[in-house]
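Participant: The structure file final20.pdb (PDB, C-alpha atoms) is provided below.
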MODEL        1
ATOM      1  CA  MET A  30       2.684 -43.103 -41.312
ATOM      2  CA  ILE A  31       3.408 -39.401 -41.704
ATOM      3  CA  SER A  32       3.403 -37.875 -45.166
ATOM      4  CA  SER A  33       6.163 -35.287 -44.961
ATOM      5  CA  ASP A  34       4.921 -33.514 -48.111
ATOM      6  CA  ARG A  35       1.489 -32.942 -46.612
ATOM      7  CA  TYR A  36       2.864 -31.534 -43.370
ATOM      8  CA  VAL A  37       6.069 -29.936 -44.597
ATOM      9  CA  ARG A  38       4.913 -26.392 -43.811
ATOM     10  CA  GLN A  39       4.040 -27.153 -40.182
ATOM     11  CA  LEU A  40       6.865 -29.586 -39.401
ATOM     12  CA  PRO A  41       9.349 -26.774 -38.639
ATOM     13  CA  LEU A  42       6.915 -25.560 -35.975
ATOM     14  CA  LEU A  43       5.660 -28.820 -34.508
ATOM     15  CA  GLY A  44       8.762 -30.906 -35.069
ATOM     16  CA  ILE A  45       8.731 -34.520 -36.174
ATOM     17  CA  ASP A  46       7.976 -35.633 -32.620
ATOM     18  CA  GLY A  47       5.081 -33.210 -32.391
ATOM     19  CA  GLN A  48       3.721 -34.417 -35.722
ATOM     20  CA  ARG A  49       4.033 -38.026 -34.584
ATOM     21  CA  ARG A  50       2.222 -37.189 -31.375
ATOM     22  CA  LEU A  51      -0.560 -35.582 -33.413
ATOM     23  CA  SER A  52      -0.900 -38.577 -35.676
ATOM     24  CA  SER A  53      -1.221 -40.926 -32.724
ATOM     25  CA  SER A  54      -3.704 -38.761 -30.789
ATOM     26  CA  SER A  55      -7.474 -38.423 -30.610
ATOM     27  CA  ALA A  56      -9.530 -35.241 -30.550
ATOM     28  CA  LEU A  57     -13.195 -35.208 -29.571
ATOM     29  CA  VAL A  58     -15.135 -32.365 -31.199
ATOM     30  CA  VAL A  59     -18.404 -31.788 -29.348
ATOM     31  CA  GLY A  60     -20.730 -29.805 -31.589
ATOM     32  CA  LEU A  61     -20.395 -29.592 -35.371
ATOM     33  CA  GLY A  62     -21.954 -26.147 -35.763
ATOM     34  CA  GLY A  63     -20.003 -22.988 -36.540
ATOM     35  CA  LEU A  64     -17.109 -23.582 -34.173
ATOM     36  CA  GLY A  65     -16.816 -27.345 -34.399
ATOM     37  CA  SER A  66     -17.110 -27.605 -38.171
ATOM     38  CA  LEU A  67     -14.311 -25.091 -38.730
ATOM     39  CA  ALA A  68     -12.096 -26.381 -35.913
ATOM     40  CA  SER A  69     -12.442 -29.948 -37.184
ATOM     41  CA  MET A  70     -11.208 -28.870 -40.629
ATOM     42  CA  TYR A  71      -7.986 -27.555 -39.076
ATOM     43  CA  LEU A  72      -7.589 -30.647 -36.913
ATOM     44  CA  ALA A  73      -8.060 -32.958 -39.881
ATOM     45  CA  GLY A  74      -5.757 -30.895 -42.060
ATOM     46  CA  ALA A  75      -3.040 -30.890 -39.413
ATOM     47  CA  GLY A  76      -3.072 -34.689 -39.202
ATOM     48  CA  VAL A  77      -4.695 -35.559 -35.892
ATOM     49  CA  GLY A  78      -4.790 -39.349 -35.865
ATOM     50  CA  ARG A  79      -8.392 -39.846 -34.813
ATOM     51  CA  LEU A  80     -11.175 -37.292 -34.930
ATOM     52  CA  ILE A  81     -14.343 -38.095 -32.993
ATOM     53  CA  LEU A  82     -17.289 -35.975 -34.110
ATOM     54  CA  VAL A  83     -20.431 -35.549 -32.014
ATOM     55  CA  ASP A  84     -23.562 -33.647 -33.045
ATOM     56  CA  PHE A  85     -27.264 -34.541 -33.070
ATOM     57  CA  ASP A  86     -28.317 -31.998 -35.692
ATOM     58  CA  THR A  87     -28.883 -31.733 -39.424
ATOM     59  CA  VAL A  88     -27.670 -28.983 -41.750
ATOM     60  CA  SER A  89     -30.016 -25.979 -42.063
ATOM     61  CA  ILE A  90     -29.906 -23.211 -44.616
ATOM     62  CA  SER A  91     -29.281 -20.725 -41.784
ATOM     63  CA  ASP A  92     -26.031 -22.572 -40.944
ATOM     64  CA  LEU A  93     -24.389 -22.016 -44.294
ATOM     65  CA  HIS A  94     -23.156 -18.426 -43.833
ATOM     66  CA  ARG A  95     -20.669 -19.608 -41.214
ATOM     67  CA  GLN A  96     -20.487 -23.414 -41.218
ATOM     68  CA  LEU A  97     -18.248 -23.643 -44.256
ATOM     69  CA  LEU A  98     -17.810 -27.400 -44.062
ATOM     70  CA  TYR A  99     -21.349 -27.768 -45.434
ATOM     71  CA  THR A 100     -22.853 -26.756 -48.765
ATOM     72  CA  THR A 101     -26.344 -25.998 -50.018
ATOM     73  CA  SER A 102     -26.806 -29.576 -51.202
ATOM     74  CA  ASP A 103     -26.246 -30.801 -47.628
ATOM     75  CA  ILE A 104     -29.372 -29.127 -46.222
ATOM     76  CA  GLY A 105     -31.356 -31.669 -44.227
ATOM     77  CA  LYS A 106     -28.466 -34.131 -43.969
ATOM     78  CA  SER A 107     -26.803 -35.260 -40.750
ATOM     79  CA  LYS A 108     -23.982 -32.879 -39.853
ATOM     80  CA  VAL A 109     -21.681 -35.595 -38.574
ATOM     81  CA  GLU A 110     -22.191 -37.722 -41.683
ATOM     82  CA  VAL A 111     -21.469 -34.840 -44.052
ATOM     83  CA  ALA A 112     -18.527 -33.752 -41.901
ATOM     84  CA  GLU A 113     -17.099 -37.265 -41.827
ATOM     85  CA  ARG A 114     -17.101 -37.406 -45.638
ATOM     86  CA  ARG A 115     -15.672 -33.914 -46.173
ATOM     87  CA  LEU A 116     -12.975 -34.243 -43.539
ATOM     88  CA  ARG A 117     -11.892 -37.538 -45.058
ATOM     89  CA  GLU A 118     -11.524 -35.707 -48.375
ATOM     90  CA  ILE A 119      -9.419 -33.047 -46.642
ATOM     91  CA  ASN A 120      -7.134 -35.686 -45.145
ATOM     92  CA  PRO A 121      -7.663 -39.395 -45.879
ATOM     93  CA  GLY A 122      -5.001 -40.238 -43.317
ATOM     94  CA  VAL A 123      -7.215 -39.214 -40.413
ATOM     95  CA  LYS A 124      -9.502 -41.794 -38.828
ATOM     96  CA  ILE A 125     -12.879 -40.129 -38.448
ATOM     97  CA  GLU A 126     -15.725 -41.342 -36.255
ATOM     98  CA  ALA A 127     -19.172 -39.813 -36.520
ATOM     99  CA  HIS A 128     -21.642 -40.001 -33.639
ATOM    100  CA  GLN A 129     -25.074 -38.485 -34.177
ATOM    101  CA  MET A 130     -26.048 -37.889 -30.564
ATOM    102  CA  VAL A 131     -26.113 -35.376 -27.727
ATOM    103  CA  LEU A 132     -23.123 -35.702 -25.475
ATOM    104  CA  THR A 133     -24.419 -36.021 -21.944
ATOM    105  CA  ARG A 134     -23.607 -37.897 -18.795
ATOM    106  CA  ASN A 135     -24.261 -41.443 -19.986
ATOM    107  CA  GLU A 136     -22.127 -44.486 -20.673
ATOM    108  CA  GLU A 137     -21.663 -43.857 -24.399
ATOM    109  CA  SER A 138     -20.548 -40.258 -23.774
ATOM    110  CA  GLU A 139     -18.196 -41.353 -21.028
ATOM    111  CA  GLU A 140     -16.512 -43.817 -23.394
ATOM    112  CA  LEU A 141     -15.984 -41.101 -26.006
ATOM    113  CA  VAL A 142     -14.525 -38.664 -23.473
ATOM    114  CA  ALA A 143     -12.337 -41.357 -21.938
ATOM    115  CA  SER A 144     -10.916 -42.262 -25.359
ATOM    116  CA  ALA A 145      -9.946 -38.707 -26.354
ATOM    117  CA  ASP A 146      -6.744 -36.795 -25.652
ATOM    118  CA  VAL A 147      -8.381 -33.394 -25.957
ATOM    119  CA  ILE A 148     -11.962 -32.122 -26.142
ATOM    120  CA  VAL A 149     -12.886 -29.251 -28.431
ATOM    121  CA  LEU A 150     -16.067 -27.947 -26.830
ATOM    122  CA  ALA A 151     -18.037 -26.163 -29.520
ATOM    123  CA  VAL A 152     -21.669 -26.284 -28.461
ATOM    124  CA  ASP A 153     -24.372 -23.621 -28.291
ATOM    125  CA  ASN A 154     -25.691 -24.366 -24.821
ATOM    126  CA  MET A 155     -24.498 -24.355 -21.232
ATOM    127  CA  LYS A 156     -26.031 -27.702 -20.230
ATOM    128  CA  THR A 157     -23.690 -29.625 -22.533
ATOM    129  CA  ARG A 158     -20.757 -27.478 -21.394
ATOM    130  CA  PHE A 159     -21.577 -28.451 -17.823
ATOM    131  CA  ASP A 160     -21.838 -32.159 -18.681
ATOM    132  CA  VAL A 161     -18.590 -32.127 -20.664
ATOM    133  CA  ASP A 162     -16.851 -30.310 -17.818
ATOM    134  CA  GLU A 163     -17.988 -33.029 -15.420
ATOM    135  CA  LEU A 164     -16.823 -35.874 -17.681
ATOM    136  CA  ALA A 165     -13.544 -34.185 -18.569
ATOM    137  CA  SER A 166     -12.804 -33.681 -14.914
ATOM    138  CA  LYS A 167     -13.648 -37.322 -14.172
ATOM    139  CA  TYR A 168     -11.355 -38.632 -16.930
ATOM    140  CA  ASN A 169      -8.659 -35.975 -16.581
ATOM    141  CA  LYS A 170      -9.054 -34.621 -20.133
ATOM    142  CA  PRO A 171      -8.235 -31.086 -21.323
ATOM    143  CA  ILE A 172     -11.022 -28.953 -22.783
ATOM    144  CA  VAL A 173     -10.686 -26.124 -25.280
ATOM    145  CA  ASN A 174     -13.960 -24.228 -24.957
ATOM    146  CA  GLY A 175     -15.276 -21.626 -27.383
ATOM    147  CA  GLY A 176     -18.321 -19.398 -27.457
ATOM    148  CA  VAL A 177     -19.686 -16.691 -29.710
ATOM    149  CA  ASP A 178     -22.426 -14.112 -29.387
ATOM    150  CA  GLY A 179     -22.915 -11.258 -31.803
ATOM    151  CA  TRP A 180     -19.575  -9.595 -32.454
ATOM    152  CA  PHE A 181     -18.099 -11.219 -29.352
ATOM    153  CA  GLY A 182     -16.122 -14.385 -28.884
ATOM    154  CA  LEU A 183     -14.597 -16.276 -25.988
ATOM    155  CA  VAL A 184     -11.969 -19.012 -25.754
ATOM    156  CA  THR A 185     -10.479 -20.721 -22.737
ATOM    157  CA  THR A 186      -8.499 -23.900 -22.184
ATOM    158  CA  VAL A 187      -9.042 -26.069 -19.135
ATOM    159  CA  LEU A 188      -6.308 -28.421 -17.955
ATOM    160  CA  PRO A 189      -7.534 -30.793 -15.238
ATOM    161  CA  GLY A 190      -5.798 -30.176 -11.942
ATOM    162  CA  LYS A 191      -3.868 -27.208 -13.325
ATOM    163  CA  THR A 192      -6.476 -24.597 -14.182
ATOM    164  CA  PRO A 193      -9.953 -23.816 -12.858
ATOM    165  CA  ARG A 194     -12.723 -25.952 -14.288
ATOM    166  CA  LEU A 195     -15.111 -24.494 -16.830
ATOM    167  CA  THR A 196     -17.835 -24.265 -14.198
ATOM    168  CA  GLU A 197     -15.558 -22.089 -12.095
ATOM    169  CA  ILE A 198     -14.992 -19.638 -14.927
ATOM    170  CA  LEU A 199     -18.226 -19.340 -16.854
ATOM    171  CA  ASN A 200     -21.112 -19.338 -14.367
ATOM    172  CA  ILE A 201     -22.753 -22.308 -16.028
ATOM    173  CA  LYS A 202     -24.070 -23.965 -12.892
ATOM    174  CA  GLY A 203     -27.742 -24.829 -12.931
ATOM    175  CA  LEU A 204     -28.490 -23.279 -16.260
ATOM    176  CA  ASN A 205     -31.428 -24.375 -18.330
ATOM    177  CA  PRO A 206     -30.474 -26.622 -21.241
ATOM    178  CA  VAL A 207     -31.608 -24.091 -23.809
ATOM    179  CA  SER A 208     -29.947 -24.080 -27.183
ATOM    180  CA  CYS A 209     -30.410 -22.923 -30.730
ATOM    181  CA  ALA A 210     -32.377 -26.106 -31.382
ATOM    182  CA  GLU A 211     -35.067 -24.703 -29.089
ATOM    183  CA  GLY A 212     -35.346 -21.533 -31.115
ATOM    184  CA  LEU A 213     -33.033 -19.424 -28.970
ATOM    185  CA  CYS A 214     -30.407 -18.617 -31.563
ATOM    186  CA  ASN A 215     -28.158 -15.628 -31.073
ATOM    187  CA  ALA A 216     -26.973 -13.425 -33.911
ATOM    188  CA  VAL A 217     -23.532 -14.181 -35.246
ATOM    189  CA  VAL A 218     -21.286 -13.444 -38.218
ATOM    190  CA  GLY A 219     -19.024 -16.022 -39.827
ATOM    191  CA  PRO A 220     -15.606 -14.433 -39.332
ATOM    192  CA  VAL A 221     -16.077 -14.131 -35.547
ATOM    193  CA  VAL A 222     -16.844 -17.843 -35.439
ATOM    194  CA  GLY A 223     -13.760 -18.380 -37.574
ATOM    195  CA  VAL A 224     -11.474 -16.532 -35.154
ATOM    196  CA  VAL A 225     -12.771 -18.456 -32.143
ATOM    197  CA  ALA A 226     -12.737 -21.837 -33.929
ATOM    198  CA  SER A 227      -9.199 -21.216 -35.201
ATOM    199  CA  TRP A 228      -7.955 -20.469 -31.706
ATOM    200  CA  GLN A 229      -9.687 -23.567 -30.370
ATOM    201  CA  ALA A 230      -8.031 -25.679 -33.045
ATOM    202  CA  LEU A 231      -4.704 -24.015 -32.251
ATOM    203  CA  ASP A 232      -4.767 -24.879 -28.561
ATOM    204  CA  ALA A 233      -6.044 -28.392 -29.265
ATOM    205  CA  LEU A 234      -3.172 -28.951 -31.717
ATOM    206  CA  ARG A 235      -0.633 -27.548 -29.284
ATOM    207  CA  ILE A 236      -1.865 -29.881 -26.531
ATOM    208  CA  LEU A 237      -1.804 -32.907 -28.854
ATOM    209  CA  ALA A 238       1.639 -32.033 -30.211
ATOM    210  CA  GLY A 239       3.023 -31.729 -26.681
ATOM    211  CA  LEU A 240       3.297 -27.951 -26.729
ATOM    212  CA  LYS A 241       2.030 -25.559 -24.060
ATOM    213  CA  PRO A 242      -1.510 -24.377 -24.828
ATOM    214  CA  THR A 243      -1.858 -20.616 -25.184
ATOM    215  CA  LEU A 244      -5.028 -20.127 -23.156
ATOM    216  CA  ALA A 245      -4.704 -22.462 -20.171
ATOM    217  CA  GLY A 246      -5.854 -20.464 -17.144
ATOM    218  CA  LYS A 247      -6.753 -17.537 -19.370
ATOM    219  CA  LEU A 248      -9.985 -16.231 -20.791
ATOM    220  CA  LEU A 249      -9.661 -14.711 -24.254
ATOM    221  CA  ILE A 250     -12.437 -12.242 -25.018
ATOM    222  CA  ILE A 251     -12.770 -10.918 -28.557
ATOM    223  CA  ASP A 252     -14.794  -7.821 -29.427
ATOM    224  CA  SER A 253     -14.614  -7.933 -33.203
ATOM    225  CA  SER A 254     -16.704  -4.797 -33.643
ATOM    226  CA  ARG A 255     -13.932  -2.696 -32.123
ATOM    227  CA  GLY A 256     -10.836  -4.766 -32.723
ATOM    228  CA  ILE A 257     -10.373  -5.446 -29.010
ATOM    229  CA  ILE A 258      -8.840  -8.663 -27.738
ATOM    230  CA  ASP A 259      -8.529  -9.022 -23.984
ATOM    231  CA  VAL A 260      -6.857 -11.899 -22.172
ATOM    232  CA  LEU A 261      -7.917 -12.283 -18.549
ATOM    233  CA  PRO A 262      -6.121 -14.576 -16.135
ATOM    234  CA  VAL A 263      -8.438 -16.952 -14.265
ATOM    235  CA  PHE A 264      -7.575 -18.518 -10.934
ATOM    236  CA  SER A 265      -9.090 -21.077  -8.644
ATOM    237  CA  PRO A 266     -10.251 -19.722  -5.279
TER     238      PRO A 266
ATOM    239  CA  MET B  16      -9.679   2.679  -2.060
ATOM    240  CA  LYS B  17      -9.365   2.177  -5.810
ATOM    241  CA  VAL B  18     -10.767  -0.676  -7.852
ATOM    242  CA  THR B  19     -10.503  -1.218 -11.587
ATOM    243  CA  VAL B  20     -13.569  -2.297 -13.520
ATOM    244  CA  LYS B  21     -13.393  -3.857 -16.981
ATOM    245  CA  PHE B  22     -16.476  -3.614 -19.137
ATOM    246  CA  LEU B  23     -16.440  -6.363 -21.770
ATOM    247  CA  ALA B  24     -18.691  -7.054 -24.749
ATOM    248  CA  ILE B  25     -22.137  -5.467 -24.216
ATOM    249  CA  PHE B  26     -20.933  -3.771 -21.032
ATOM    250  CA  TYR B  27     -18.388  -1.880 -23.119
ATOM    251  CA  GLU B  28     -21.280  -0.571 -25.176
ATOM    252  CA  MET B  29     -22.997   0.601 -22.005
ATOM    253  CA  ALA B  30     -19.950   2.110 -20.352
ATOM    254  CA  LYS B  31     -18.320   3.471 -23.536
ATOM    255  CA  THR B  32     -14.988   2.485 -22.070
ATOM    256  CA  LEU B  33     -13.098  -0.764 -21.640
ATOM    257  CA  ARG B  34     -11.520  -0.011 -18.297
ATOM    258  CA  MET B  35     -12.248   2.428 -15.512
ATOM    259  CA  GLU B  36     -10.582   3.093 -12.183
ATOM    260  CA  LEU B  37     -13.080   4.009  -9.475
ATOM    261  CA  ASN B  38     -12.523   5.523  -6.041
ATOM    262  CA  VAL B  39     -14.874   3.665  -3.730
ATOM    263  CA  PRO B  40     -15.352   3.409   0.069
ATOM    264  CA  ASP B  41     -13.136   0.861   1.817
ATOM    265  CA  GLY B  42     -14.560  -2.625   2.239
ATOM    266  CA  ILE B  43     -17.535  -2.366  -0.089
ATOM    267  CA  SER B  44     -19.095  -5.477  -1.581
ATOM    268  CA  VAL B  45     -19.503  -6.290  -5.264
ATOM    269  CA  ARG B  46     -23.203  -5.493  -4.926
ATOM    270  CA  GLU B  47     -22.348  -2.027  -3.549
ATOM    271  CA  LEU B  48     -19.849  -1.531  -6.338
ATOM    272  CA  LEU B  49     -22.592  -2.223  -8.876
ATOM    273  CA  ASN B  50     -24.700   0.532  -7.284
ATOM    274  CA  ILE B  51     -21.790   2.939  -7.695
ATOM    275  CA  ILE B  52     -21.316   1.839 -11.318
ATOM    276  CA  ASP B  53     -25.025   2.448 -11.946
ATOM    277  CA  GLU B  54     -24.675   5.978 -10.580
ATOM    278  CA  LYS B  55     -21.400   6.896 -12.207
ATOM    279  CA  VAL B  56     -21.437   4.959 -15.471
ATOM    280  CA  ASN B  57     -24.802   3.674 -16.654
ATOM    281  CA  PRO B  58     -27.919   2.847 -14.629
ATOM    282  CA  ASN B  59     -28.699  -0.137 -16.863
ATOM    283  CA  ILE B  60     -25.606  -2.119 -15.956
ATOM    284  CA  SER B  61     -26.925  -3.796 -12.810
ATOM    285  CA  LYS B  62     -30.343  -4.292 -14.456
ATOM    286  CA  THR B  63     -28.566  -6.217 -17.175
ATOM    287  CA  LEU B  64     -26.405  -8.244 -14.796
ATOM    288  CA  LEU B  65     -28.903  -9.018 -12.055
ATOM    289  CA  ASN B  66     -32.248 -10.799 -12.021
ATOM    290  CA  ASP B  67     -35.376  -9.837 -10.056
ATOM    291  CA  ASP B  68     -33.993 -11.587  -6.975
ATOM    292  CA  SER B  69     -30.846  -9.463  -7.154
ATOM    293  CA  GLY B  70     -28.742 -12.452  -8.109
ATOM    294  CA  LEU B  71     -26.610 -12.826 -11.222
ATOM    295  CA  ARG B  72     -28.640 -13.568 -14.332
ATOM    296  CA  GLU B  73     -27.990 -16.938 -15.948
ATOM    297  CA  GLY B  74     -24.770 -16.958 -17.905
ATOM    298  CA  TYR B  75     -23.679 -13.464 -16.836
ATOM    299  CA  ASN B  76     -20.476 -13.371 -14.910
ATOM    300  CA  ILE B  77     -18.364 -11.180 -12.675
ATOM    301  CA  LEU B  78     -14.713 -12.020 -12.184
ATOM    302  CA  ILE B  79     -12.671 -10.606  -9.309
ATOM    303  CA  ASN B  80      -8.970 -10.865 -10.003
ATOM    304  CA  GLY B  81      -9.808 -13.715 -12.362
ATOM    305  CA  ARG B  82     -12.128 -15.597 -10.021
ATOM    306  CA  ALA B  83     -15.804 -16.059 -10.833
ATOM    307  CA  ILE B  84     -17.698 -14.524  -7.902
ATOM    308  CA  ASP B  85     -19.781 -17.672  -7.476
ATOM    309  CA  TYR B  86     -16.547 -19.287  -6.307
ATOM    310  CA  VAL B  87     -15.745 -16.480  -3.872
ATOM    311  CA  LYS B  88     -18.726 -15.082  -1.928
ATOM    312  CA  GLY B  89     -20.977 -14.062  -4.766
ATOM    313  CA  LEU B  90     -22.256 -10.502  -4.813
ATOM    314  CA  ASP B  91     -21.413 -10.191  -1.118
ATOM    315  CA  THR B  92     -17.708 -10.623  -1.819
ATOM    316  CA  VAL B  93     -15.850  -7.751  -0.147
ATOM    317  CA  LEU B  94     -13.444  -5.862  -2.369
ATOM    318  CA  LYS B  95     -10.036  -4.590  -1.415
ATOM    319  CA  ASP B  96      -7.792  -1.854  -2.724
ATOM    320  CA  GLY B  97      -6.385  -2.658  -6.162
ATOM    321  CA  ASP B  98      -8.921  -5.343  -7.072
ATOM    322  CA  GLU B  99      -9.857  -5.820 -10.726
ATOM    323  CA  VAL B 100     -13.514  -6.552 -11.401
ATOM    324  CA  VAL B 101     -14.592  -7.808 -14.835
ATOM    325  CA  LEU B 102     -18.193  -7.712 -16.063
ATOM    326  CA  LEU B 103     -19.039 -10.330 -18.695
ATOM    327  CA  PRO B 104     -22.233 -11.254 -20.535
ATOM    328  CA  PRO B 105     -22.916 -14.841 -21.629
ATOM    329  CA  ILE B 106     -20.907 -15.704 -24.746
ATOM    330  CA  GLY B 107     -22.191 -19.199 -25.263
ATOM    331  CA  GLY B 108     -23.225 -19.692 -28.873
ATOM    332  CA  GLY B 109     -21.520 -22.272 -31.002
TER     333      GLY B 109
ENDMDL
END
Turn the structure described in the file into structure tokens.
Facilitator:
Amino acid sequence: MISSDRYVRQLPLLGIDGQRRLSSSSALVVGLGGLGSLASMYLAGAGVGRLILVDFDTVSISDLHRQLLYTTSDIGKSKVEVAERRLREINPGVKIEAHQMVLTRNEESEELVASADVIVLAVDNMKTRFDVDELASKYNKPIVNGGVDGWFGLVTTVLPGKTPRLTEILNIKGLNPVSCAEGLCNAVVGPVVGVVASWQALDALRILAGLKPTLAGKLLIIDSSRGIIDVLPVFSP
Amino acid sequence: MKVTVKFLAIFYEMAKTLRMELNVPDGISVRELLNIIDEKVNPNISKTLLNDDSGLREGYNILINGRAIDYVKGLDTVLKDGDEVVLLPPIGGG
């Protein structure tokens, strides 16, 4: 059931049909770090019907400057468990599933991908991006991918059969599965993560509401140190 | 012939410009273009982009008219007049 009071400010933009589509859809958020924690707040707030959260990690003190879903008292706790509780507080109408795991090419991951209508890809490593790209392609699921590094951010939306795959855009073939968990953390400031996560949430919501995503077949590059936003078209060979 | 090169993220810092139009010999490859960029713009650009085997470093990317070069002919891809070449570092944190 849709609470019109809760969504009254977005209903003129999404329409009642769009809101209904949202409330009957599922979004899989892969990675509950900077990007995924913020994007999931917008998805929950907007009334996505089912939010599937995947992350293997626990909250660290070094997460708190940008991962605003978590607080100091959450340090050491499972990210997906904390996120599940907080997101339910944001919107009790959203069904939230927490999976403390690494999404990879196994049966459990395949089931999660197959059950989602959109994938918000918010991880810190290329190995998982590659695996998600493979599964999304197999199950014909759209991906909204984000990345950050320093003052820079990147967003692109992949629509199976309509746009190039992530592996065709990002040069992620054969990369080592290095990630922040292995001590290779890049520098980052919160607001850059916020811009990228917001845009990811935006395109995910547009897809779920039946609207055209803004970055399908496009690569958005943000240079927040100079106020430059560039949108590059990407094509399949 | 003329090609346009876009220098994004750290490559902007090296080139001090976002976009540059270069006059280059007809039919040069991406690898040859990088040599010209090293000479005319900043000698550290190809060192940053390429590994010791003269291949693209992991995560770094070159797009030609929106196509990742790995999906064309890599660094041996031959450029044509009017092409747009984009240099991108890895932006993969989450």
Participant: Determine which residues of chain B sit within 9 Å of chain A, taking into account only C-alpha atoms, and present them as JSON, numbers by chain.
Facilitator: {"B": [23, 24, 25, 73, 74, 75, 76, 77, 78, 80, 81, 82, 83, 84, 85, 86, 87, 101, 105, 106, 107, 108, 109]}
Participant: Looking at all atoms listed in the file, which of A:Leu51, A:Ala143, A:Met130, A:Ile104 is the one that sits closest to Ala73 of chain A?
Facilitator: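 Once distances to Ala73 of chain A are computed over all atoms listed in the file, the minimum belongs to A:Leu51.
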Participant: Residue by residue, what does the PyMOL selection byres ((chain A and resi 82-95) around 10) grab here? Present the result as JSON, numbers by chain.
Facilitator: {"A": [56, 57, 58, 59, 60, 61, 62, 63, 64, 65, 66, 67, 69, 79, 80, 81, 96, 97, 98, 99, 100, 101, 102, 103, 104, 105, 106, 107, 108, 109, 110, 111, 112, 113, 125, 126, 127, 128, 129, 130, 131, 132, 138, 141, 149, 151, 152, 210, 217, 218, 219, 220, 221, 222, 223]}
Participant: Could you write those residues out with C-alpha atoms, as an mmCIF file, keeping the file's coordinate frame?
Facilitator:
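Once written, out-v3.cif looks like this:
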data_model
loop_
_atom_site.group_PDB
_atom_site.id
_atom_site.type_symbol
_atom_site.label_atom_id
_atom_site.label_comp_id
_atom_site.auth_asym_id
_atom_site.auth_seq_id
_atom_site.Cartn_x
_atom_site.Cartn_y
_atom_site.Cartn_z
ATOM 1 C CA ALA A 56 -9.530 -35.241 -30.550
ATOM 2 C CA LEU A 57 -13.195 -35.208 -29.571
ATOM 3 C CA VAL A 58 -15.135 -32.365 -31.199
ATOM 4 C CA VAL A 59 -18.404 -31.788 -29.348
ATOM 5 C CA GLY A 60 -20.730 -29.805 -31.589
ATOM 6 C CA LEU A 61 -20.395 -29.592 -35.371
ATOM 7 C CA GLY A 62 -21.954 -26.147 -35.763
ATOM 8 C CA GLY A 63 -20.003 -22.988 -36.540
ATOM 9 C CA LEU A 64 -17.109 -23.582 -34.173
ATOM 10 C CA GLY A 65 -16.816 -27.345 -34.399
ATOM 11 C CA SER A 66 -17.110 -27.605 -38.171
ATOM 12 C CA LEU A 67 -14.311 -25.091 -38.730
ATOM 13 C CA SER A 69 -12.442 -29.948 -37.184
ATOM 14 C CA ARG A 79 -8.392 -39.846 -34.813
ATOM 15 C CA LEU A 80 -11.175 -37.292 -34.930
ATOM 16 C CA ILE A 81 -14.343 -38.095 -32.993
ATOM 17 C CA GLN A 96 -20.487 -23.414 -41.218
ATOM 18 C CA LEU A 97 -18.248 -23.643 -44.256
ATOM 19 C CA LEU A 98 -17.810 -27.400 -44.062
ATOM 20 C CA TYR A 99 -21.349 -27.768 -45.434
ATOM 21 C CA THR A 100 -22.853 -26.756 -48.765
ATOM 22 C CA THR A 101 -26.344 -25.998 -50.018
ATOM 23 C CA SER A 102 -26.806 -29.576 -51.202
ATOM 24 C CA ASP A 103 -26.246 -30.801 -47.628
ATOM 25 C CA ILE A 104 -29.372 -29.127 -46.222
ATOM 26 C CA GLY A 105 -31.356 -31.669 -44.227
ATOM 27 C CA LYS A 106 -28.466 -34.131 -43.969
ATOM 28 C CA SER A 107 -26.803 -35.260 -40.750
ATOM 29 C CA LYS A 108 -23.982 -32.879 -39.853
ATOM 30 C CA VAL A 109 -21.681 -35.595 -38.574
ATOM 31 C CA GLU A 110 -22.191 -37.722 -41.683
ATOM 32 C CA VAL A 111 -21.469 -34.840 -44.052
ATOM 33 C CA ALA A 112 -18.527 -33.752 -41.901
ATOM 34 C CA GLU A 113 -17.099 -37.265 -41.827
ATOM 35 C CA ILE A 125 -12.879 -40.129 -38.448
ATOM 36 C CA GLU A 126 -15.725 -41.342 -36.255
ATOM 37 C CA ALA A 127 -19.172 -39.813 -36.520
ATOM 38 C CA HIS A 128 -21.642 -40.001 -33.639
ATOM 39 C CA GLN A 129 -25.074 -38.485 -34.177
ATOM 40 C CA MET A 130 -26.048 -37.889 -30.564
ATOM 41 C CA VAL A 131 -26.113 -35.376 -27.727
ATOM 42 C CA LEU A 132 -23.123 -35.702 -25.475
ATOM 43 C CA SER A 138 -20.548 -40.258 -23.774
ATOM 44 C CA LEU A 141 -15.984 -41.101 -26.006
ATOM 45 C CA VAL A 149 -12.886 -29.251 -28.431
ATOM 46 C CA ALA A 151 -18.037 -26.163 -29.520
ATOM 47 C CA VAL A 152 -21.669 -26.284 -28.461
ATOM 48 C CA ALA A 210 -32.377 -26.106 -31.382
ATOM 49 C CA VAL A 217 -23.532 -14.181 -35.246
ATOM 50 C CA VAL A 218 -21.286 -13.444 -38.218
ATOM 51 C CA GLY A 219 -19.024 -16.022 -39.827
ATOM 52 C CA PRO A 220 -15.606 -14.433 -39.332
ATOM 53 C CA VAL A 221 -16.077 -14.131 -35.547
ATOM 54 C CA VAL A 222 -16.844 -17.843 -35.439
ATOM 55 C CA GLY A 223 -13.760 -18.380 -37.574
#
Participant: Mind giving me the straight-line distance from atom CA of Asp98 of chain B to atom CA of Val56 of chain B in Å, one decimal?
Facilitator: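 According to the coordinates, atom CA of Asp98 of chain B and atom CA of Val56 of chain B are separated by 18.3 Å.
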Participant: Which residue, B:Leu71, B:Asn57, B:Thr63, B:Ile79, has the smallest gap to Leu94 of chain B when you use only C-alpha atoms?
Facilitator: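 Using only C-alpha atoms, the shortest distance to Leu94 of chain B belongs to B:Ile79.
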Participant: Quick one, how far is atom CA of Pro121 of chain A from atom CA of Arg38 of chain A?
Facilitator: 18.2 Å
